[in-house]
$ cat model01.txt   # compact mmCIF, C-alpha atoms
# COMPACT_ATOMS: atom_id res chain seq x y z
CA THR M 77 -32.98 -13.59 33.88
CA ALA M 78 -35.50 -16.34 33.30
CA LEU M 79 -34.66 -19.61 31.64
CA PRO M 80 -36.02 -20.24 28.14
CA HIS M 81 -39.65 -21.31 28.22
CA GLN M 82 -39.24 -23.54 25.17
CA VAL M 83 -35.96 -25.42 25.39
CA ASP M 84 -34.85 -26.70 21.99
CA LEU M 85 -31.14 -27.46 21.98
CA ALA M 86 -31.13 -28.66 18.37
CA ALA M 87 -32.57 -25.32 17.22
CA ALA M 88 -30.07 -23.44 19.38
CA VAL M 89 -27.15 -25.34 17.85
CA ARG M 90 -28.52 -24.51 14.40
CA ALA M 91 -28.69 -20.84 15.41
CA LEU M 92 -25.04 -21.00 16.54
CA GLN M 93 -24.07 -22.61 13.24
CA LEU M 94 -25.80 -19.86 11.28
CA VAL M 95 -24.11 -17.10 13.30
CA ARG M 96 -20.80 -18.87 12.74
CA HIS M 97 -21.54 -19.02 9.01
CA TYR M 98 -22.49 -15.33 8.92
CA ASP M 99 -19.25 -14.23 10.58
CA THR M 100 -17.18 -16.62 8.46
CA LEU M 101 -18.85 -15.39 5.27
CA ARG M 102 -18.03 -11.80 6.14
CA LEU M 103 -14.40 -12.48 6.99
CA GLU M 104 -13.84 -14.60 3.89
CA THR M 105 -15.34 -11.81 1.78
CA TYR M 106 -13.10 -9.15 3.33
CA ARG M 107 -10.01 -11.36 3.06
CA ASN M 108 -10.56 -12.23 -0.58
CA LYS M 109 -11.79 -8.87 -1.86
CA GLU M 110 -9.31 -6.67 0.02
CA ASN M 111 -6.27 -9.01 0.01
CA LEU M 112 -6.24 -9.29 3.79
CA ALA M 113 -4.74 -12.76 4.13
CA ASP M 114 -2.08 -11.29 6.42
CA ARG M 115 -4.76 -9.84 8.75
CA ILE M 116 -7.53 -12.49 8.66
CA ARG M 117 -7.16 -16.14 9.62
CA LEU M 118 -9.78 -18.88 9.91
CA SER M 119 -8.58 -22.01 11.70
CA LEU M 120 -10.48 -25.28 12.05
CA ILE M 121 -9.87 -26.90 15.44
CA GLY M 122 -11.79 -30.16 15.42
CA SER M 123 -15.46 -29.21 15.17
CA ALA M 124 -14.70 -25.60 16.17
CA ILE M 125 -13.66 -22.68 14.03
CA ALA M 126 -11.41 -19.90 15.30
CA LEU M 127 -11.89 -16.56 13.55
CA ARG M 128 -9.11 -14.01 13.80
CA PHE M 129 -9.08 -10.49 12.37
CA ASP M 130 -6.24 -8.37 13.68
CA ASP M 131 -8.06 -5.12 12.81
CA VAL M 132 -11.47 -5.70 14.43
CA GLY M 133 -11.84 -7.19 17.89
CA TYR M 134 -15.48 -8.25 17.45
CA PHE M 135 -14.62 -10.96 14.94
CA ASN M 136 -12.14 -12.77 17.17
CA ARG M 137 -14.43 -15.58 18.23
CA VAL M 138 -14.34 -19.35 18.44
CA TYR M 139 -17.63 -21.09 17.62
CA CYS M 140 -18.27 -24.69 18.65
CA GLY M 141 -21.64 -26.39 18.97
CA ASP M 142 -20.37 -29.23 21.15
CA GLU M 143 -18.10 -29.88 24.13
CA THR M 144 -15.02 -30.98 22.21
CA VAL M 145 -13.53 -27.50 22.10
CA PHE M 146 -12.83 -27.62 25.84
CA GLN M 147 -10.31 -30.42 25.26
CA ARG M 148 -8.44 -28.32 22.68
CA LEU M 149 -7.94 -25.03 24.48
CA PRO M 150 -4.14 -25.02 23.94
CA GLU M 151 -4.77 -25.02 20.17
CA VAL M 152 -7.32 -22.24 20.56
CA GLU M 153 -4.83 -20.17 22.53
CA GLU M 154 -2.16 -20.73 19.91
CA SER M 155 -4.47 -19.36 17.21
CA TYR M 156 -4.46 -15.96 18.91
CA ARG M 157 -0.83 -15.67 20.00
CA GLY M 158 0.73 -12.41 18.89
CA GLY M 159 -2.63 -10.83 18.09
CA PRO M 160 -4.07 -7.72 19.72
CA PHE M 161 -7.42 -9.09 20.90
CA GLY M 162 -7.41 -12.64 22.20
CA CYS M 163 -10.81 -14.25 21.59
CA GLU M 164 -14.28 -15.02 22.89
CA LEU M 165 -15.23 -18.70 23.04
CA VAL M 166 -18.87 -19.34 22.08
CA GLY M 167 -19.52 -22.88 23.22
CA PRO M 168 -22.49 -25.23 23.05
CA PRO M 169 -25.99 -24.03 23.99
CA SER M 170 -27.52 -25.22 27.24
CA ALA M 171 -30.85 -25.16 29.05
CA ASP M 172 -29.09 -24.26 32.31
CA HIS M 173 -29.51 -20.80 33.80
CA ASP M 174 -25.73 -20.28 33.64
CA GLY M 175 -25.70 -21.12 29.94
CA GLY M 176 -23.81 -24.35 30.46
CA SER M 177 -20.82 -22.42 31.67
CA ARG M 178 -18.18 -24.92 32.62
CA ALA M 179 -15.17 -23.78 34.58
CA ILE M 180 -12.04 -23.08 32.57
CA SER M 181 -9.14 -23.12 34.99
CA ARG M 182 -6.40 -22.34 32.49
CA PRO M 183 -4.65 -19.00 32.94
CA GLY M 184 -5.91 -16.15 30.78
CA TRP M 185 -9.56 -17.30 30.57
CA LYS M 186 -12.40 -15.33 32.19
CA PRO M 187 -16.21 -15.48 31.96
CA ALA M 188 -17.50 -13.01 29.36
CA ASN M 189 -21.09 -12.74 28.05
CA ARG M 190 -24.32 -14.68 28.17
CA PHE M 191 -26.38 -15.04 25.00
CA ALA M 192 -29.87 -16.26 24.25
CA TRP M 193 -30.49 -18.29 21.10
CA LEU M 194 -33.85 -17.55 19.46
CA TYR M 195 -35.95 -19.57 17.03
CA ALA M 196 -39.30 -19.62 15.25
CA PRO M 197 -40.20 -22.75 13.24
CA ASN M 198 -42.71 -21.03 10.95
CA ALA M 199 -42.16 -17.44 9.83
CA ARG M 200 -45.60 -17.35 8.23
CA ALA M 201 -47.22 -17.85 11.64
CA LEU M 202 -45.69 -14.61 12.90
CA ALA M 203 -47.39 -11.32 12.23
CA PRO M 204 -45.51 -8.59 14.08
CA LYS M 205 -47.01 -5.14 13.62
CA PRO M 206 -44.29 -2.56 13.05
CA PRO M 207 -44.48 0.92 14.56
CA GLU M 208 -45.83 3.26 11.92
CA ALA M 209 -43.26 5.98 12.62
CA PHE M 210 -40.53 4.24 10.60
CA ASP M 211 -40.28 3.51 6.89
CA ILE M 212 -38.20 0.39 6.17
CA ARG M 213 -36.61 0.06 2.72
CA SER M 214 -33.74 -1.79 1.11
CA PRO M 215 -31.03 0.76 0.29
CA GLU M 216 -30.75 1.79 -3.35
CA PRO M 217 -27.23 1.50 -4.84
CA HIS M 218 -26.61 5.21 -4.27
CA GLN M 219 -27.61 4.77 -0.59
CA ARG M 220 -25.22 1.94 0.19
CA GLN M 221 -22.53 4.19 1.67
CA GLN M 222 -25.19 5.81 3.85
CA PHE M 223 -26.38 2.37 4.96
CA LEU M 224 -22.86 1.37 5.99
CA LEU M 225 -22.26 4.62 7.85
CA THR M 226 -25.56 4.19 9.69
CA TYR M 227 -24.59 0.58 10.51
CA LEU M 228 -21.20 1.58 11.90
CA ARG M 229 -22.56 4.45 13.96
CA ALA M 230 -25.48 2.41 15.25
CA PHE M 231 -22.97 -0.17 16.47
CA GLU M 232 -20.78 2.64 17.84
CA ALA M 233 -17.67 1.90 15.77
CA GLN M 234 -14.62 4.03 16.51
CA GLU M 235 -14.48 6.91 14.04
CA ASP M 236 -10.87 6.15 13.08
CA ARG M 237 -11.88 2.60 12.09
CA ILE M 238 -14.73 3.67 9.80
CA PRO M 239 -12.75 4.20 6.53
CA ALA M 240 -11.28 0.68 6.63
CA ALA M 241 -14.65 -0.79 7.60
CA LEU M 242 -16.32 0.92 4.64
CA ARG M 243 -13.75 -0.56 2.25
CA ASN M 244 -14.38 -4.05 3.61
CA MET M 245 -18.14 -3.94 4.09
CA ARG M 246 -19.02 -2.57 0.63
CA HIS M 247 -18.31 -6.04 -0.75
CA LEU M 248 -21.17 -7.54 1.29
CA PHE M 249 -23.66 -6.09 -1.17
CA ASP M 250 -22.35 -8.63 -3.70
CA ARG M 251 -23.37 -11.58 -1.50
CA PRO M 252 -26.65 -13.02 -2.82
CA GLU M 253 -27.61 -14.60 0.52
CA LEU M 254 -27.66 -11.26 2.34
CA ASP M 255 -30.53 -8.77 2.46
CA PHE M 256 -30.20 -5.21 3.74
CA PHE M 257 -32.82 -3.04 5.44
CA MET M 258 -32.67 0.61 6.40
CA ALA M 259 -35.07 2.42 8.72
CA TRP M 260 -36.00 6.02 7.97
CA TYR M 261 -37.73 8.54 10.20
CA GLY M 262 -38.94 11.10 7.72
CA GLU M 263 -35.78 11.98 5.78
CA LYS M 264 -33.42 10.84 8.54
CA PRO M 265 -31.75 7.41 8.66
CA ALA M 266 -32.66 5.78 11.96
CA GLY M 267 -31.23 2.26 11.93
CA VAL M 268 -30.29 -0.84 9.96
CA GLY M 269 -30.89 -4.56 9.86
CA MET M 270 -29.69 -7.51 7.81
CA MET M 271 -30.89 -11.01 7.05
CA MET M 272 -28.89 -14.02 5.85
CA ARG M 273 -30.71 -16.81 4.03
CA SER M 274 -29.50 -20.40 4.13
CA GLY M 275 -31.70 -23.03 2.53
CA ASN M 276 -35.02 -23.08 4.36
CA ALA M 277 -33.72 -20.87 7.18
CA ALA M 278 -32.97 -17.21 7.73
CA LEU M 279 -30.81 -15.51 10.34
CA LEU M 280 -32.00 -12.14 11.62
CA CYS M 281 -28.78 -10.24 12.23
CA ALA M 282 -27.14 -6.81 12.46
CA GLY M 283 -30.17 -4.95 13.76
CA ALA M 284 -29.40 -1.65 15.49
CA ALA M 285 -30.74 1.88 15.81
CA LEU M 286 -28.87 5.15 15.97
CA PRO M 287 -28.77 6.62 19.50
CA ASP M 288 -31.52 9.18 18.82
CA PHE M 289 -33.94 6.42 17.78
CA ARG M 290 -33.36 3.78 20.44
CA ASP M 291 -36.30 2.66 22.55
CA LYS M 292 -38.69 4.21 20.02
CA GLY M 293 -39.65 1.14 18.01
CA CYS M 294 -36.97 1.30 15.31
CA HIS M 295 -35.52 -2.15 16.07
CA SER M 296 -39.01 -3.68 16.17
CA ALA M 297 -39.87 -2.10 12.82
CA LEU M 298 -36.72 -3.59 11.28
CA LEU M 299 -37.58 -7.01 12.71
CA ALA M 300 -41.09 -6.89 11.26
CA ALA M 301 -39.76 -5.97 7.81
CA ARG M 302 -37.25 -8.82 7.82
CA ILE M 303 -39.87 -11.33 8.92
CA ARG M 304 -42.17 -10.20 6.11
CA MET M 305 -39.31 -10.58 3.63
CA ALA M 306 -38.55 -14.08 4.92
CA VAL M 307 -42.19 -15.04 4.32
CA GLU M 308 -42.02 -13.62 0.79
CA TYR M 309 -38.95 -15.78 0.11
CA GLY M 310 -40.82 -18.82 1.41
CA THR M 311 -38.39 -19.21 4.30
CA ALA M 312 -39.82 -21.35 7.09
CA GLU M 313 -37.40 -21.18 10.01
CA LEU M 314 -36.07 -18.01 11.66
CA TYR M 315 -33.07 -17.80 13.96
CA SER M 316 -31.25 -15.11 15.89
CA TRP M 317 -29.22 -14.46 19.03
CA ALA M 318 -29.01 -11.63 21.53
CA ILE M 319 -27.37 -10.62 24.77
CA LEU M 320 -29.32 -12.38 27.51
CA GLY M 321 -31.80 -10.04 29.18
CA GLY M 322 -31.20 -7.18 26.73
CA GLN M 323 -33.61 -5.12 24.68
CA SER M 324 -32.87 -7.05 21.49
CA GLN M 325 -33.91 -10.31 23.10
CA ALA M 326 -37.13 -8.70 24.34
CA ASN M 327 -37.90 -7.30 20.88
CA LEU M 328 -37.22 -10.63 19.18
CA GLU M 329 -39.51 -12.44 21.61
CA ARG M 330 -42.20 -9.79 21.09
CA ALA M 331 -41.90 -10.41 17.34
CA GLY M 332 -42.65 -14.09 17.94
CA LEU M 333 -39.29 -15.85 18.24
CA ALA M 334 -38.70 -17.97 21.34
CA SER M 335 -35.53 -18.11 23.40
CA VAL M 336 -34.67 -21.81 23.24
CA ALA M 337 -31.28 -22.05 25.03
CA LEU M 338 -28.46 -20.02 26.53
CA THR M 339 -24.70 -19.90 26.09
CA ALA M 340 -22.16 -18.43 28.47
CA THR M 341 -18.97 -17.35 26.70
CA TRP M 342 -15.38 -17.17 27.87
CA ARG M 343 -12.75 -14.59 26.93
CA PHE M 344 -9.08 -15.48 26.47
CA VAL M 345 -6.49 -12.71 26.64
CA PRO M 346 -2.90 -13.82 25.97
CA GLU M 347 -0.22 -12.66 28.37
CA PRO M 348 1.68 -9.61 27.08
CA GLY M 349 4.57 -10.56 24.85
CA ARG M 350 3.31 -14.07 24.16
$ encode --input "model01.txt" --output "structure tokens"
Amino acid sequence: TALPHQVDLAAAVRALQLVRHYDTLRLETYRNKENLADRIRLSLIGSAIALRFDDVGYFNRVYCGDETVFQRLPEVEESYRGGPFGCELVGPPSADHDGGSRAISRPGWKPANRFAWLYAPNARALAPKPPEAFDIRSPEPHQRQQFLLTYLRAFEAQEDRIPAALRNMRHLFDRPELDFFMAWYGEKPAGVGMMMRSGNAALLCAGAALPDFRDKGCHSALLAARIRMAVEYGTAELYSWAILGGQSQANLERAGLASVALTATWRFVPEPGR
């Protein structure tokens, strides 16, 4: 996979901070609205934050935009003792092809994913043309349950986890910084996307298509709609992230965002019984 053509580490760190804020916002909302203090924990470890949700493995991540987290790995490990998932460490962005992956020799740590951080300084300068096959609309109040079901199935959630996820996620509609987009193909829901606004910036997040509509332009249509909405809000800067070399990264770049840095992540899995 090629290196970013436009290296901008400051923009990549800002993208990481926005993703961290998006995940933290969601967990804080679930914890407060559903009384999940016994299941959700957010721990500050220096400049890093360790997110732990004992019901959903995805959220168990440590975000840190600088190198200091590598000196505090014992504290990171302690944050996930006794939990079912361990964690994924999302460290500082790098211009290196390996994503700045530094060796972690401690037991229990293994290389995990590689992500690209994406950025556009001026949303108004982008003019992506969406495929005409899809109609993108914000869900009406009576369509919110359908939006959430489409979201969960597009991201291939386990069916037995869906009822709890619906209880938690319904509270996100109360967050004023979040916007919701649903793609329709005729009368059929095809995919979803979200956008989080923060000051003069917006994070393009949670974009996914149902299996029947993948590789047919649904994700690109959702991106175009979110970019248009960002322009309407007067938002200047756009940020996102994607699995390095994946279709989402390609679609984001086609929409006008540039990959500005990479991050290689590490996964920690505690030893059984510890």
$ closest_atom_pairs --input "model01.txt" --of "stretch 240-325 of chain M" --to "stretch 178-191 of chain M" --cutoff "8 Å" --atoms "all atoms listed in the file" --output "tab-separated table"
residue	atom	partner	partner_atom	distance
M:Trp317	CA	M:Phe191	CA	6.6
M:Ala318	CA	M:Phe191	CA	5.5
M:Ile319	CA	M:Phe191	CA	4.5
M:Leu320	CA	M:Phe191	CA	4.7
$ closest_residue --input "model01.txt" --among "M:Asn136, M:Thr105, M:Thr100, M:Ser119" --to "M:Phe344" --atoms "only C-alpha atoms"
M:Asn136
$ closest_residue --input "model01.txt" --among "M:Ala278, M:Trp342, M:Ser324, M:Tyr156" --to "M:Val307" --atoms "only C-alpha atoms"
M:Ala278
$ atom_distance --input "model01.txt" --atom1 "atom CA of M:Tyr195" --atom2 "atom CA of M:Phe256"
20.4 Å
$ closest_residue --input "model01.txt" --among "M:Ser155, M:Leu248, M:Ile303, M:Leu279" --to "M:Ser316" --atoms "only C-alpha atoms"
M:Leu279
$ atom_distance --input "model01.txt" --atom1 "atom CA of M:Gln325" --atom2 "atom CA of M:Lys264"
25.7 Å
$ closest_residue --input "model01.txt" --among "M:Glu253, M:Glu263, M:Glu308, M:Asp211" --to "M:Gly293" --atoms "all atoms listed in the file"
M:Asp211
$ atom_distance --input "model01.txt" --atom1 "atom CA of M:Phe231" --atom2 "atom CA of M:Pro197"
28.6 Å
$ closest_atom_pairs --input "model01.txt" --of "stretch 255-336 of chain M" --to "stretch 201-204 of chain M" --cutoff "10 Å" --atoms "only C-alpha atoms" --output "JSON lines"
{"residue": "M:Ser296", "atom": "CA", "partner": "M:Pro204", "partner_atom": "CA", "distance": 8.4}
{"residue": "M:Ala297", "atom": "CA", "partner": "M:Pro204", "partner_atom": "CA", "distance": 8.7}
{"residue": "M:Leu299", "atom": "CA", "partner": "M:Pro204", "partner_atom": "CA", "distance": 8.2}
{"residue": "M:Ala300", "atom": "CA", "partner": "M:Pro204", "partner_atom": "CA", "distance": 5.5}
{"residue": "M:Ala301", "atom": "CA", "partner": "M:Pro204", "partner_atom": "CA", "distance": 8.9}
{"residue": "M:Ile303", "atom": "CA", "partner": "M:Leu202", "partner_atom": "CA", "distance": 7.8}
{"residue": "M:Arg304", "atom": "CA", "partner": "M:Ala203", "partner_atom": "CA", "distance": 8.1}
{"residue": "M:Val307", "atom": "CA", "partner": "M:Leu202", "partner_atom": "CA", "distance": 9.3}
{"residue": "M:Ala312", "atom": "CA", "partner": "M:Ala201", "partner_atom": "CA", "distance": 9.4}
{"residue": "M:Leu328", "atom": "CA", "partner": "M:Pro204", "partner_atom": "CA", "distance": 9.9}
{"residue": "M:Arg330", "atom": "CA", "partner": "M:Pro204", "partner_atom": "CA", "distance": 7.8}
{"residue": "M:Ala331", "atom": "CA", "partner": "M:Pro204", "partner_atom": "CA", "distance": 5.2}
{"residue": "M:Gly332", "atom": "CA", "partner": "M:Leu202", "partner_atom": "CA", "distance": 5.9}
{"residue": "M:Leu333", "atom": "CA", "partner": "M:Leu202", "partner_atom": "CA", "distance": 8.4}
$ write_last_selection --input "model01.txt" --atoms "C-alpha atoms" --output "compact mmCIF listing (two decimals), keeping the file's coordinate frame"
# COMPACT_ATOMS: atom_id res chain seq x y z
CA SER M 296 -39.01 -3.68 16.17
CA ALA M 297 -39.87 -2.10 12.82
CA LEU M 299 -37.58 -7.01 12.71
CA ALA M 300 -41.09 -6.89 11.26
CA ALA M 301 -39.76 -5.97 7.81
CA ILE M 303 -39.87 -11.33 8.92
CA ARG M 304 -42.17 -10.20 6.11
CA VAL M 307 -42.19 -15.04 4.32
CA ALA M 312 -39.82 -21.35 7.09
CA LEU M 328 -37.22 -10.63 19.18
CA ARG M 330 -42.20 -9.79 21.09
CA ALA M 331 -41.90 -10.41 17.34
CA GLY M 332 -42.65 -14.09 17.94
CA LEU M 333 -39.29 -15.85 18.24
$ closest_residue --input "model01.txt" --among "M:Arg246, M:Arg115, M:Arg96, M:Arg251" --to "M:Pro217" --atoms "all atoms listed in the file"
M:Arg246
$ closest_residue --input "model01.txt" --among "M:Gln219, M:Ser335, M:Thr341, M:Asn244" --to "M:Val83" --atoms "all atoms listed in the file"
M:Ser335
$ residues_around --input "model01.txt" --residues "M:Gly159" --least-positions-apart "3" --cutoff "12 Å" --atoms "all atoms listed in the file" --output "ChimeraX atom specification"
/M:114-117,127-133,136,153-156,162-163,344-350
$ residues_around --input "model01.txt" --residues "M:Arg243" --least-positions-apart "3" --cutoff "12 Å" --atoms "all atoms listed in the file" --output "PyMOL selection string"
chain M and resi 105-107+109-112+220-221+224-225+237-240+246-249
$ residues_around --input "model01.txt" --residues "M:Thr339" --least-positions-apart "3" --cutoff "12 Å" --atoms "all atoms listed in the file" --output "VMD selection string"
chain M and resid 79 to 80 85 88 to 89 91 to 92 139 to 142 164 to 178 187 to 194 317 to 320 335 to 336 342
$ write_last_selection --input "model01.txt" --atoms "C-alpha atoms" --output "PDB file, in the frame of the given file"
ATOM      1  CA  LEU M  79     -34.660 -19.610  31.640  1.00  0.00           C
ATOM      2  CA  PRO M  80     -36.020 -20.240  28.140  1.00  0.00           C
ATOM      3  CA  LEU M  85     -31.140 -27.460  21.980  1.00  0.00           C
ATOM      4  CA  ALA M  88     -30.070 -23.440  19.380  1.00  0.00           C
ATOM      5  CA  VAL M  89     -27.150 -25.340  17.850  1.00  0.00           C
ATOM      6  CA  ALA M  91     -28.690 -20.840  15.410  1.00  0.00           C
ATOM      7  CA  LEU M  92     -25.040 -21.000  16.540  1.00  0.00           C
ATOM      8  CA  TYR M 139     -17.630 -21.090  17.620  1.00  0.00           C
ATOM      9  CA  CYS M 140     -18.270 -24.690  18.650  1.00  0.00           C
ATOM     10  CA  GLY M 141     -21.640 -26.390  18.970  1.00  0.00           C
ATOM     11  CA  ASP M 142     -20.370 -29.230  21.150  1.00  0.00           C
ATOM     12  CA  GLU M 164     -14.280 -15.020  22.890  1.00  0.00           C
ATOM     13  CA  LEU M 165     -15.230 -18.700  23.040  1.00  0.00           C
ATOM     14  CA  VAL M 166     -18.870 -19.340  22.080  1.00  0.00           C
ATOM     15  CA  GLY M 167     -19.520 -22.880  23.220  1.00  0.00           C
ATOM     16  CA  PRO M 168     -22.490 -25.230  23.050  1.00  0.00           C
ATOM     17  CA  PRO M 169     -25.990 -24.030  23.990  1.00  0.00           C
ATOM     18  CA  SER M 170     -27.520 -25.220  27.240  1.00  0.00           C
ATOM     19  CA  ALA M 171     -30.850 -25.160  29.050  1.00  0.00           C
ATOM     20  CA  ASP M 172     -29.090 -24.260  32.310  1.00  0.00           C
ATOM     21  CA  HIS M 173     -29.510 -20.800  33.800  1.00  0.00           C
ATOM     22  CA  ASP M 174     -25.730 -20.280  33.640  1.00  0.00           C
ATOM     23  CA  GLY M 175     -25.700 -21.120  29.940  1.00  0.00           C
ATOM     24  CA  GLY M 176     -23.810 -24.350  30.460  1.00  0.00           C
ATOM     25  CA  SER M 177     -20.820 -22.420  31.670  1.00  0.00           C
ATOM     26  CA  ARG M 178     -18.180 -24.920  32.620  1.00  0.00           C
ATOM     27  CA  PRO M 187     -16.210 -15.480  31.960  1.00  0.00           C
ATOM     28  CA  ALA M 188     -17.500 -13.010  29.360  1.00  0.00           C
ATOM     29  CA  ASN M 189     -21.090 -12.740  28.050  1.00  0.00           C
ATOM     30  CA  ARG M 190     -24.320 -14.680  28.170  1.00  0.00           C
ATOM     31  CA  PHE M 191     -26.380 -15.040  25.000  1.00  0.00           C
ATOM     32  CA  ALA M 192     -29.870 -16.260  24.250  1.00  0.00           C
ATOM     33  CA  TRP M 193     -30.490 -18.290  21.100  1.00  0.00           C
ATOM     34  CA  LEU M 194     -33.850 -17.550  19.460  1.00  0.00           C
ATOM     35  CA  TRP M 317     -29.220 -14.460  19.030  1.00  0.00           C
ATOM     36  CA  ALA M 318     -29.010 -11.630  21.530  1.00  0.00           C
ATOM     37  CA  ILE M 319     -27.370 -10.620  24.770  1.00  0.00           C
ATOM     38  CA  LEU M 320     -29.320 -12.380  27.510  1.00  0.00           C
ATOM     39  CA  SER M 335     -35.530 -18.110  23.400  1.00  0.00           C
ATOM     40  CA  VAL M 336     -34.670 -21.810  23.240  1.00  0.00           C
ATOM     41  CA  TRP M 342     -15.380 -17.170  27.870  1.00  0.00           C
TER      42      TRP M 342
END
$ axis_aligned_box --input "model01.txt" --around "stretch 183-187 of chain M" --padding-each-side "6 Å" --output "lines of an AutoDock Vina configuration file"
center_x = -10.4
center_y = -17.2
center_z = 31.8
size_x = 23.6
size_y = 15.7
size_z = 14.4
